[in-house]
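I have placed the structure first, in the form of C-alpha cells, so that the comments after it can refer back to it.
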Amino acid sequence: MDGPKPPREARIARARFRAWHRGTREADFVVGGFFDRYHAAWDDAALDWFEELLDEQDVDILAWALGVAAPAPRLDGPLMAALRRLDYVEMPG
C-alpha cells in the first residue's frame with residue numbers, strides 16, 4: 001500500500017544519491033549529471049518522472065540517452081529529450 005510521499009527535500013536527497021550511485025561510472029555521469037544540471041527546475045511531476053527513471057536498468061537508460069533504443073513510452077517526452085541532449089555530462093579531467 002502506498003502512503004504519502006516523503007517531503008520534497010528528502011525525495012531530492014534520495015534521488016541525488018541514487019543518481020550518483022548507479023553501479024557504473026558511465027551511468028553515474030549520465031544519470032547523476034542529468035540530475036545535477038536539471039533538478040533545481042523540476043516540479044513534482046518531473047521529480048516523479050525522475051524517480052521512475054531511477055528504477056530502470058542502467059543499460060536501458062544509457063541506450064535511451066544515446067538514442068540507440070526507444071525509451072519506454074511512459075518515460076518518453078520533454079524530460080527524455082533533455083536526457084538525450086547529453087549536455088550535462090562532465091567528465092573529470
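By order in the C-alpha cells, chains are A, B, ...; within a chain, residues start at 1; ligands start at 1, following the order shown.
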Applying 10 Å and only C-alpha atoms, which residues near Ala46 in chain A remain after dropping the ones on its own chain fewer than 6 positions away? List them as a CSV table (one decimal) with C-alpha atoms, in the first residue's frame.
chain,number,residue,atom,x,y,z
A,38,TYR,CA,18.2,20.0,-14.2
A,39,HIS,CA,16.7,19.0,-10.8
A,52,GLU,CA,10.6,6.3,-12.1
A,78,PRO,CA,10.3,16.5,-22.8
A,79,LEU,CA,12.5,15.2,-19.9
Excluding Val59 in chain A and its own-chain neighbours fewer than 3 positions away, which residues fall within 10 Å of it when counting only C-alpha atoms? Please give them as an mmCIF file with N, CA, C and O atoms, in the first residue's frame.
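Output saved as part.cif:
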data_model
loop_
_atom_site.group_PDB
_atom_site.id
_atom_site.type_symbol
_atom_site.label_atom_id
_atom_site.label_comp_id
_atom_site.auth_asym_id
_atom_site.auth_seq_id
_atom_site.Cartn_x
_atom_site.Cartn_y
_atom_site.Cartn_z
ATOM 1 N N THR A 24 27.873 1.874 -12.325
ATOM 2 C CA THR A 24 28.944 2.056 -13.306
ATOM 3 C C THR A 24 29.242 3.541 -13.427
ATOM 4 O O THR A 24 28.357 4.379 -13.237
ATOM 5 N N GLU A 26 29.874 5.209 -16.104
ATOM 6 C CA GLU A 26 29.151 5.789 -17.239
ATOM 7 C C GLU A 26 27.734 6.180 -16.833
ATOM 8 O O GLU A 26 27.276 7.280 -17.147
ATOM 9 N N ALA A 27 27.058 5.287 -16.150
ATOM 10 C CA ALA A 27 25.688 5.586 -15.714
ATOM 11 C C ALA A 27 25.688 6.702 -14.676
ATOM 12 O O ALA A 27 24.797 7.566 -14.690
ATOM 13 N N GLU A 56 14.765 2.090 -13.510
ATOM 14 C CA GLU A 56 15.122 1.368 -14.730
ATOM 15 C C GLU A 56 16.567 0.868 -14.665
ATOM 16 O O GLU A 56 17.384 1.378 -13.895
ATOM 17 N N LEU A 62 21.066 4.252 -20.470
ATOM 18 C CA LEU A 62 22.156 4.681 -21.358
ATOM 19 C C LEU A 62 21.752 4.549 -22.822
ATOM 20 O O LEU A 62 22.060 5.430 -23.637
ATOM 21 N N ALA A 63 21.068 3.478 -23.168
ATOM 22 C CA ALA A 63 20.617 3.307 -24.555
ATOM 23 C C ALA A 63 19.641 4.403 -24.942
ATOM 24 O O ALA A 63 19.695 4.943 -26.058
ATOM 25 N N TRP A 64 18.751 4.775 -24.049
ATOM 26 C CA TRP A 64 17.797 5.855 -24.334
ATOM 27 C C TRP A 64 18.532 7.184 -24.460
ATOM 28 O O TRP A 64 18.256 7.962 -25.366
ATOM 29 N N ALA A 65 19.474 7.441 -23.545
ATOM 30 C CA ALA A 65 20.216 8.701 -23.570
ATOM 31 C C ALA A 65 21.041 8.827 -24.847
ATOM 32 O O ALA A 65 21.139 9.918 -25.423
#
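As for CA of Arg25 in chain A and CA of Ala72 in chain A, they are spaced 23.0 Å apart.
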Give me, as number ranges by chain, all polymer residues having an atom no more than 10 Å from range 2-9 of chain A, counting only C-alpha atoms and skipping those fewer than 4 positions away in the same chain.
A: 13-15, 43-44, 47
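Reported to one decimal place, the separation of CA of Val89 in chain A from CA of Val30 in chain A is 5.9 Å.
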